[in-house]
file start-v4.cif (mmCIF, N, CA and C atoms)
data_upload
#
loop_
_atom_site.label_atom_id
_atom_site.label_comp_id
_atom_site.auth_asym_id
_atom_site.auth_seq_id
_atom_site.Cartn_x
_atom_site.Cartn_y
_atom_site.Cartn_z
N MET A 142 0.82 -1.20 0.00
CA MET A 142 0.00 0.00 0.00
C MET A 142 0.86 1.26 0.00
N ASN A 143 2.15 1.11 0.32
CA ASN A 143 3.03 2.29 0.29
C ASN A 143 3.07 2.91 -1.10
N ILE A 144 3.19 2.08 -2.13
CA ILE A 144 3.24 2.61 -3.49
C ILE A 144 1.89 3.21 -3.87
N TYR A 145 0.81 2.66 -3.38
CA TYR A 145 -0.52 3.21 -3.66
C TYR A 145 -0.65 4.63 -3.11
N HIS A 146 -0.08 4.87 -1.94
CA HIS A 146 -0.18 6.18 -1.30
C HIS A 146 0.92 7.15 -1.71
N PHE A 147 1.77 6.74 -2.62
CA PHE A 147 2.84 7.61 -3.10
C PHE A 147 2.24 8.86 -3.76
N PRO A 148 2.84 10.04 -3.55
CA PRO A 148 2.28 11.28 -4.14
C PRO A 148 2.64 11.42 -5.62
N PHE A 149 1.96 10.67 -6.47
CA PHE A 149 2.27 10.63 -7.91
C PHE A 149 2.18 12.00 -8.58
N SER A 150 1.38 12.89 -8.05
CA SER A 150 1.23 14.20 -8.68
C SER A 150 2.33 15.18 -8.27
N ASP A 151 3.18 14.80 -7.35
CA ASP A 151 4.27 15.66 -6.89
C ASP A 151 5.32 15.76 -7.99
N ARG A 152 5.50 16.93 -8.56
CA ARG A 152 6.40 17.13 -9.71
C ARG A 152 7.88 16.95 -9.37
N ARG A 153 8.20 16.82 -8.08
CA ARG A 153 9.60 16.55 -7.72
C ARG A 153 10.02 15.16 -8.17
N PHE A 154 9.04 14.29 -8.40
CA PHE A 154 9.32 12.90 -8.75
C PHE A 154 8.96 12.64 -10.21
N LEU A 155 9.78 11.85 -10.87
CA LEU A 155 9.48 11.37 -12.22
C LEU A 155 9.07 9.91 -12.07
N ASN A 156 7.87 9.59 -12.42
CA ASN A 156 7.36 8.23 -12.28
C ASN A 156 7.52 7.48 -13.59
N LEU A 157 8.25 6.39 -13.54
CA LEU A 157 8.52 5.56 -14.71
C LEU A 157 8.13 4.12 -14.42
N LYS A 158 7.75 3.42 -15.46
CA LYS A 158 7.51 1.98 -15.35
C LYS A 158 8.73 1.27 -15.94
N LEU A 159 9.09 0.14 -15.39
CA LEU A 159 10.26 -0.58 -15.90
C LEU A 159 10.13 -0.91 -17.38
N GLU A 160 8.91 -1.20 -17.81
CA GLU A 160 8.74 -1.57 -19.22
C GLU A 160 9.02 -0.41 -20.17
N GLU A 161 9.02 0.82 -19.66
CA GLU A 161 9.37 1.96 -20.51
C GLU A 161 10.83 1.86 -20.98
N PHE A 162 11.69 1.32 -20.13
CA PHE A 162 13.09 1.15 -20.53
C PHE A 162 13.22 0.13 -21.65
N GLU A 163 12.41 -0.90 -21.62
CA GLU A 163 12.44 -1.91 -22.67
C GLU A 163 11.80 -1.40 -23.95
N ASN A 164 10.68 -0.69 -23.83
CA ASN A 164 9.94 -0.24 -25.00
C ASN A 164 10.64 0.89 -25.75
N ASP A 165 11.23 1.82 -25.03
CA ASP A 165 11.90 2.96 -25.67
C ASP A 165 12.96 3.51 -24.72
N TYR A 166 14.06 2.80 -24.67
CA TYR A 166 15.14 3.11 -23.73
C TYR A 166 15.63 4.56 -23.89
N GLN A 167 15.89 4.97 -25.10
CA GLN A 167 16.46 6.29 -25.34
C GLN A 167 15.52 7.40 -24.86
N SER A 168 14.25 7.30 -25.19
CA SER A 168 13.30 8.33 -24.75
C SER A 168 13.15 8.34 -23.23
N THR A 169 13.21 7.18 -22.62
CA THR A 169 13.09 7.10 -21.17
C THR A 169 14.28 7.76 -20.50
N ILE A 170 15.48 7.48 -20.99
CA ILE A 170 16.68 8.11 -20.46
C ILE A 170 16.62 9.62 -20.71
N SER A 171 16.13 10.02 -21.85
CA SER A 171 15.99 11.45 -22.16
C SER A 171 15.04 12.13 -21.18
N ARG A 172 13.95 11.46 -20.84
CA ARG A 172 13.01 12.02 -19.86
C ARG A 172 13.69 12.18 -18.50
N ILE A 173 14.48 11.18 -18.12
CA ILE A 173 15.20 11.26 -16.84
C ILE A 173 16.17 12.44 -16.85
N ALA A 174 16.91 12.57 -17.94
CA ALA A 174 17.87 13.68 -18.06
C ALA A 174 17.15 15.02 -17.95
N GLY A 175 16.03 15.16 -18.64
CA GLY A 175 15.27 16.40 -18.58
C GLY A 175 14.76 16.69 -17.18
N HIS A 176 14.28 15.66 -16.52
CA HIS A 176 13.76 15.84 -15.16
C HIS A 176 14.86 16.28 -14.20
N LEU A 177 16.04 15.71 -14.37
CA LEU A 177 17.17 16.03 -13.49
C LEU A 177 17.94 17.27 -13.93
N GLU A 178 17.52 17.83 -15.09
CA GLU A 178 18.23 18.95 -15.70
C GLU A 178 19.71 18.59 -15.89
N PHE A 179 19.89 17.43 -16.49
CA PHE A 179 21.21 16.85 -16.72
C PHE A 179 21.41 16.69 -18.22
N SER A 180 22.63 16.61 -18.66
CA SER A 180 22.92 16.46 -20.08
C SER A 180 22.37 15.13 -20.62
N GLU A 181 21.45 15.24 -21.57
CA GLU A 181 20.89 14.04 -22.19
C GLU A 181 21.97 13.22 -22.88
N GLU A 182 22.86 13.90 -23.57
CA GLU A 182 23.93 13.21 -24.30
C GLU A 182 24.81 12.40 -23.34
N ILE A 183 25.20 12.99 -22.23
CA ILE A 183 26.06 12.28 -21.28
C ILE A 183 25.31 11.12 -20.65
N LEU A 184 24.06 11.34 -20.23
CA LEU A 184 23.31 10.27 -19.59
C LEU A 184 23.06 9.11 -20.55
N LEU A 185 22.78 9.41 -21.80
CA LEU A 185 22.60 8.34 -22.79
C LEU A 185 23.89 7.56 -22.99
N ARG A 186 25.00 8.28 -23.04
CA ARG A 186 26.30 7.62 -23.25
C ARG A 186 26.67 6.72 -22.07
N VAL A 187 26.56 7.22 -20.85
CA VAL A 187 26.99 6.42 -19.70
C VAL A 187 26.01 5.30 -19.36
N SER A 188 24.76 5.43 -19.80
CA SER A 188 23.79 4.38 -19.49
C SER A 188 23.71 3.32 -20.59
N LYS A 189 24.33 3.55 -21.72
CA LYS A 189 24.26 2.63 -22.86
C LYS A 189 24.57 1.17 -22.50
N PRO A 190 25.57 0.90 -21.65
CA PRO A 190 25.85 -0.50 -21.31
C PRO A 190 24.70 -1.20 -20.59
N PHE A 191 23.72 -0.46 -20.10
CA PHE A 191 22.63 -1.05 -19.35
C PHE A 191 21.35 -1.19 -20.18
N ASP A 192 21.42 -0.83 -21.45
CA ASP A 192 20.28 -0.96 -22.35
C ASP A 192 20.16 -2.43 -22.75
N LEU A 193 19.23 -3.15 -22.13
CA LEU A 193 19.10 -4.59 -22.37
C LEU A 193 18.70 -4.91 -23.80
N ASN A 194 18.21 -3.93 -24.54
CA ASN A 194 17.84 -4.16 -25.94
C ASN A 194 19.05 -4.27 -26.85
N THR A 195 20.20 -3.81 -26.40
CA THR A 195 21.39 -3.82 -27.25
C THR A 195 22.49 -4.74 -26.73
N ILE A 196 22.28 -5.37 -25.60
CA ILE A 196 23.29 -6.27 -25.02
C ILE A 196 23.22 -7.62 -25.72
N VAL A 197 24.37 -8.12 -26.12
CA VAL A 197 24.42 -9.43 -26.77
C VAL A 197 24.38 -10.54 -25.73
N ASN A 198 25.24 -10.46 -24.73
CA ASN A 198 25.26 -11.43 -23.63
C ASN A 198 24.82 -10.73 -22.36
N TYR A 199 23.68 -11.17 -21.81
CA TYR A 199 23.14 -10.50 -20.64
C TYR A 199 24.03 -10.71 -19.42
N PRO A 200 24.25 -9.66 -18.66
CA PRO A 200 25.02 -9.78 -17.41
C PRO A 200 24.25 -10.61 -16.38
N ALA A 201 24.93 -11.00 -15.33
CA ALA A 201 24.34 -11.87 -14.30
C ALA A 201 23.12 -11.25 -13.63
N TYR A 202 23.05 -9.91 -13.58
CA TYR A 202 21.93 -9.28 -12.89
C TYR A 202 20.62 -9.36 -13.68
N VAL A 203 20.68 -9.76 -14.94
CA VAL A 203 19.46 -9.89 -15.75
C VAL A 203 18.84 -11.25 -15.43
N THR A 204 17.62 -11.23 -14.95
CA THR A 204 17.00 -12.47 -14.47
C THR A 204 16.19 -13.20 -15.54
N ARG A 205 16.03 -12.61 -16.71
CA ARG A 205 15.31 -13.27 -17.79
C ARG A 205 16.31 -13.73 -18.83
N SER A 206 16.01 -14.84 -19.46
CA SER A 206 16.93 -15.36 -20.47
C SER A 206 16.78 -14.64 -21.81
N GLN A 207 15.66 -13.96 -22.01
CA GLN A 207 15.45 -13.19 -23.23
C GLN A 207 14.50 -12.04 -22.95
N LEU A 208 14.61 -11.00 -23.75
CA LEU A 208 13.67 -9.89 -23.60
C LEU A 208 12.40 -10.22 -24.36
N ASP A 209 11.31 -9.90 -23.77
CA ASP A 209 10.04 -10.06 -24.43
C ASP A 209 9.13 -8.95 -23.95
N THR A 210 7.95 -8.90 -24.48
CA THR A 210 7.05 -7.81 -24.12
C THR A 210 5.90 -8.31 -23.25
N LYS A 211 6.13 -9.37 -22.49
CA LYS A 211 5.09 -9.88 -21.60
C LYS A 211 4.81 -8.86 -20.50
N THR A 212 3.56 -8.64 -20.24
CA THR A 212 3.15 -7.76 -19.16
C THR A 212 2.15 -8.52 -18.31
N TYR A 213 1.67 -7.86 -17.29
CA TYR A 213 0.68 -8.54 -16.45
C TYR A 213 -0.55 -8.92 -17.28
N HIS A 214 -0.83 -8.19 -18.38
CA HIS A 214 -1.99 -8.52 -19.22
C HIS A 214 -1.91 -9.96 -19.73
N SER A 215 -0.73 -10.37 -20.16
CA SER A 215 -0.60 -11.70 -20.73
C SER A 215 -0.29 -12.77 -19.68
N LEU A 216 0.13 -12.37 -18.49
CA LEU A 216 0.52 -13.33 -17.47
C LEU A 216 -0.56 -13.58 -16.42
N PHE A 217 -1.36 -12.57 -16.12
CA PHE A 217 -2.39 -12.72 -15.10
C PHE A 217 -3.50 -13.63 -15.59
N GLN A 218 -3.87 -14.55 -14.75
CA GLN A 218 -5.02 -15.42 -14.98
C GLN A 218 -6.19 -14.85 -14.16
N PRO A 219 -7.42 -15.30 -14.41
CA PRO A 219 -8.57 -14.76 -13.66
C PRO A 219 -8.39 -14.79 -12.14
N HIS A 220 -7.79 -15.84 -11.62
CA HIS A 220 -7.62 -15.90 -10.16
C HIS A 220 -6.63 -14.84 -9.65
N HIS A 221 -5.69 -14.44 -10.49
CA HIS A 221 -4.77 -13.36 -10.10
C HIS A 221 -5.54 -12.04 -9.95
N TYR A 222 -6.40 -11.77 -10.91
CA TYR A 222 -7.20 -10.54 -10.85
C TYR A 222 -8.13 -10.56 -9.63
N ASP A 223 -8.71 -11.71 -9.36
CA ASP A 223 -9.60 -11.82 -8.20
C ASP A 223 -8.84 -11.52 -6.91
N LEU A 224 -7.67 -12.09 -6.76
CA LEU A 224 -6.87 -11.85 -5.56
C LEU A 224 -6.42 -10.39 -5.49
N PHE A 225 -6.02 -9.85 -6.63
CA PHE A 225 -5.60 -8.45 -6.69
C PHE A 225 -6.74 -7.54 -6.21
N ARG A 226 -7.95 -7.80 -6.70
CA ARG A 226 -9.12 -7.00 -6.31
C ARG A 226 -9.44 -7.13 -4.82
N GLU A 227 -9.15 -8.29 -4.25
CA GLU A 227 -9.38 -8.48 -2.82
C GLU A 227 -8.38 -7.69 -1.98
N LEU A 228 -7.15 -7.61 -2.46
CA LEU A 228 -6.06 -7.01 -1.68
C LEU A 228 -5.93 -5.50 -1.82
N PHE A 229 -6.29 -4.97 -2.99
CA PHE A 229 -6.00 -3.57 -3.27
C PHE A 229 -7.26 -2.78 -3.66
N PRO A 230 -7.21 -1.46 -3.46
CA PRO A 230 -8.34 -0.61 -3.86
C PRO A 230 -8.59 -0.71 -5.38
N PRO A 231 -9.83 -0.44 -5.80
CA PRO A 231 -10.19 -0.59 -7.22
C PRO A 231 -9.36 0.25 -8.19
N ASP A 232 -8.84 1.39 -7.76
CA ASP A 232 -8.10 2.26 -8.68
C ASP A 232 -6.58 2.07 -8.64
N THR A 233 -6.12 0.97 -8.05
CA THR A 233 -4.68 0.76 -7.90
C THR A 233 -3.95 0.77 -9.24
N LEU A 234 -4.42 0.00 -10.20
CA LEU A 234 -3.72 -0.07 -11.49
C LEU A 234 -3.68 1.29 -12.17
N SER A 235 -4.77 2.02 -12.14
CA SER A 235 -4.77 3.33 -12.79
C SER A 235 -3.84 4.30 -12.06
N ARG A 236 -3.73 4.23 -10.74
CA ARG A 236 -2.80 5.08 -9.99
C ARG A 236 -1.36 4.77 -10.38
N LEU A 237 -1.10 3.52 -10.74
CA LEU A 237 0.24 3.13 -11.15
C LEU A 237 0.51 3.36 -12.63
N GLY A 238 -0.47 3.92 -13.32
CA GLY A 238 -0.28 4.27 -14.72
C GLY A 238 -0.71 3.19 -15.71
N TYR A 239 -1.48 2.23 -15.25
CA TYR A 239 -1.97 1.16 -16.11
C TYR A 239 -3.47 1.30 -16.30
N GLU A 240 -3.95 0.70 -17.38
CA GLU A 240 -5.38 0.67 -17.61
C GLU A 240 -5.98 -0.35 -16.65
N ASN A 241 -7.21 -0.10 -16.21
CA ASN A 241 -7.89 -1.08 -15.36
C ASN A 241 -8.33 -2.27 -16.17
#
call {"tool": "encode", "arguments": {"input": "start-v4.cif", "output": "structure tokens"}}
result
Amino acid sequence: MNIYHFPFSDRRFLNLKLEEFENDYQSTISRIAGHLEFSEEILLRVSKPFDLNTIVNYPAYVTRSQLDTKTYHSLFQPHHYDLFRELFPPDTLSRLGYEN
């Protein structure tokens, strides 16, 4: 519930989803640079080794054997949604930036 109560509208924070790095790494890094008022060029250059879309051999910290675009949409079964609805308020997914 801590993440549910996070002040998402507070402009001091840039809220990102992990899948944004996979879907469009460069734009995501650019958004971070803009938010931090940091050089986009430098941040893109120093973060390049961590772009999993361009790595040939994944480092040990990567827990998946391949990149794919699986999300909770394709992984959740009906019983997962039922349990989720029991545990969390109805607007949890939308507060986290996902469609209900």
call {"tool": "residues_around", "arguments": {"input": "start-v4.cif", "residues": "Ile170 in chain A", "least_positions_apart": "2", "cutoff": "8 Å", "atoms": "all atoms listed in the file", "output": "PDB file with N, CA and C atoms, keeping the file's coordinate frame"}}
result
ATOM      1  N   GLU A 161       9.020   0.820 -19.660  1.00  0.00           N
ATOM      2  CA  GLU A 161       9.370   1.960 -20.510  1.00  0.00           C
ATOM      3  C   GLU A 161      10.830   1.860 -20.980  1.00  0.00           C
ATOM      4  N   PHE A 162      11.690   1.320 -20.130  1.00  0.00           N
ATOM      5  CA  PHE A 162      13.090   1.150 -20.530  1.00  0.00           C
ATOM      6  C   PHE A 162      13.220   0.130 -21.650  1.00  0.00           C
ATOM      7  N   ASP A 165      11.230   1.820 -25.030  1.00  0.00           N
ATOM      8  CA  ASP A 165      11.900   2.960 -25.670  1.00  0.00           C
ATOM      9  C   ASP A 165      12.960   3.510 -24.720  1.00  0.00           C
ATOM     10  N   TYR A 166      14.060   2.800 -24.670  1.00  0.00           N
ATOM     11  CA  TYR A 166      15.140   3.110 -23.730  1.00  0.00           C
ATOM     12  C   TYR A 166      15.630   4.560 -23.890  1.00  0.00           C
ATOM     13  N   GLN A 167      15.890   4.970 -25.100  1.00  0.00           N
ATOM     14  CA  GLN A 167      16.460   6.290 -25.340  1.00  0.00           C
ATOM     15  C   GLN A 167      15.520   7.400 -24.860  1.00  0.00           C
ATOM     16  N   SER A 168      14.250   7.300 -25.190  1.00  0.00           N
ATOM     17  CA  SER A 168      13.300   8.330 -24.750  1.00  0.00           C
ATOM     18  C   SER A 168      13.150   8.340 -23.230  1.00  0.00           C
ATOM     19  N   ARG A 172      13.950  11.460 -20.840  1.00  0.00           N
ATOM     20  CA  ARG A 172      13.010  12.020 -19.860  1.00  0.00           C
ATOM     21  C   ARG A 172      13.690  12.180 -18.500  1.00  0.00           C
ATOM     22  N   ILE A 173      14.480  11.180 -18.120  1.00  0.00           N
ATOM     23  CA  ILE A 173      15.200  11.260 -16.840  1.00  0.00           C
ATOM     24  C   ILE A 173      16.170  12.440 -16.850  1.00  0.00           C
ATOM     25  N   ALA A 174      16.910  12.570 -17.940  1.00  0.00           N
ATOM     26  CA  ALA A 174      17.870  13.680 -18.060  1.00  0.00           C
ATOM     27  C   ALA A 174      17.150  15.020 -17.950  1.00  0.00           C
ATOM     28  N   GLY A 175      16.030  15.160 -18.640  1.00  0.00           N
ATOM     29  CA  GLY A 175      15.270  16.400 -18.580  1.00  0.00           C
ATOM     30  C   GLY A 175      14.760  16.690 -17.180  1.00  0.00           C
ATOM     31  N   HIS A 176      14.280  15.660 -16.520  1.00  0.00           N
ATOM     32  CA  HIS A 176      13.760  15.840 -15.160  1.00  0.00           C
ATOM     33  C   HIS A 176      14.860  16.280 -14.200  1.00  0.00           C
ATOM     34  N   SER A 180      22.630  16.610 -18.660  1.00  0.00           N
ATOM     35  CA  SER A 180      22.920  16.460 -20.080  1.00  0.00           C
ATOM     36  C   SER A 180      22.370  15.130 -20.620  1.00  0.00           C
ATOM     37  N   GLU A 181      21.450  15.240 -21.570  1.00  0.00           N
ATOM     38  CA  GLU A 181      20.890  14.040 -22.190  1.00  0.00           C
ATOM     39  C   GLU A 181      21.970  13.220 -22.880  1.00  0.00           C
ATOM     40  N   LEU A 184      24.060  11.340 -20.230  1.00  0.00           N
ATOM     41  CA  LEU A 184      23.310  10.270 -19.590  1.00  0.00           C
ATOM     42  C   LEU A 184      23.060   9.110 -20.550  1.00  0.00           C
ATOM     43  N   LEU A 185      22.780   9.410 -21.800  1.00  0.00           N
ATOM     44  CA  LEU A 185      22.600   8.340 -22.790  1.00  0.00           C
ATOM     45  C   LEU A 185      23.890   7.560 -22.990  1.00  0.00           C
TER      46      LEU A 185
END
call {"tool": "select_by_dssp", "arguments": {"input": "start-v4.cif", "residues": "chain A", "states": "helix (DSSP H, G or I)", "output": "PyMOL selection string"}}
result
chain A and resi 159-164+166-177+181-191+213-216+219-228+233-236
call {"tool": "atom_distance", "arguments": {"input": "start-v4.cif", "atom1": "CA of Leu193 in chain A", "atom2": "atom C of Arg236 in chain A"}}
result
25.5 Å
call {"tool": "atom_distance", "arguments": {"input": "start-v4.cif", "atom1": "CA of Tyr145 in chain A", "atom2": "CA of Pro231 in chain A"}}
result
11.0 Å
call {"tool": "atom_distance", "arguments": {"input": "start-v4.cif", "atom1": "CA of Leu177 in chain A", "atom2": "CA of Leu157 in chain A"}}
result
13.6 Å
call {"tool": "closest_residue", "arguments": {"input": "start-v4.cif", "among": "A:Phe179, A:Thr233, A:Gln218, A:Asn156", "to": "Asn143 in chain A", "atoms": "only C-alpha atoms"}}
result
A:Thr233
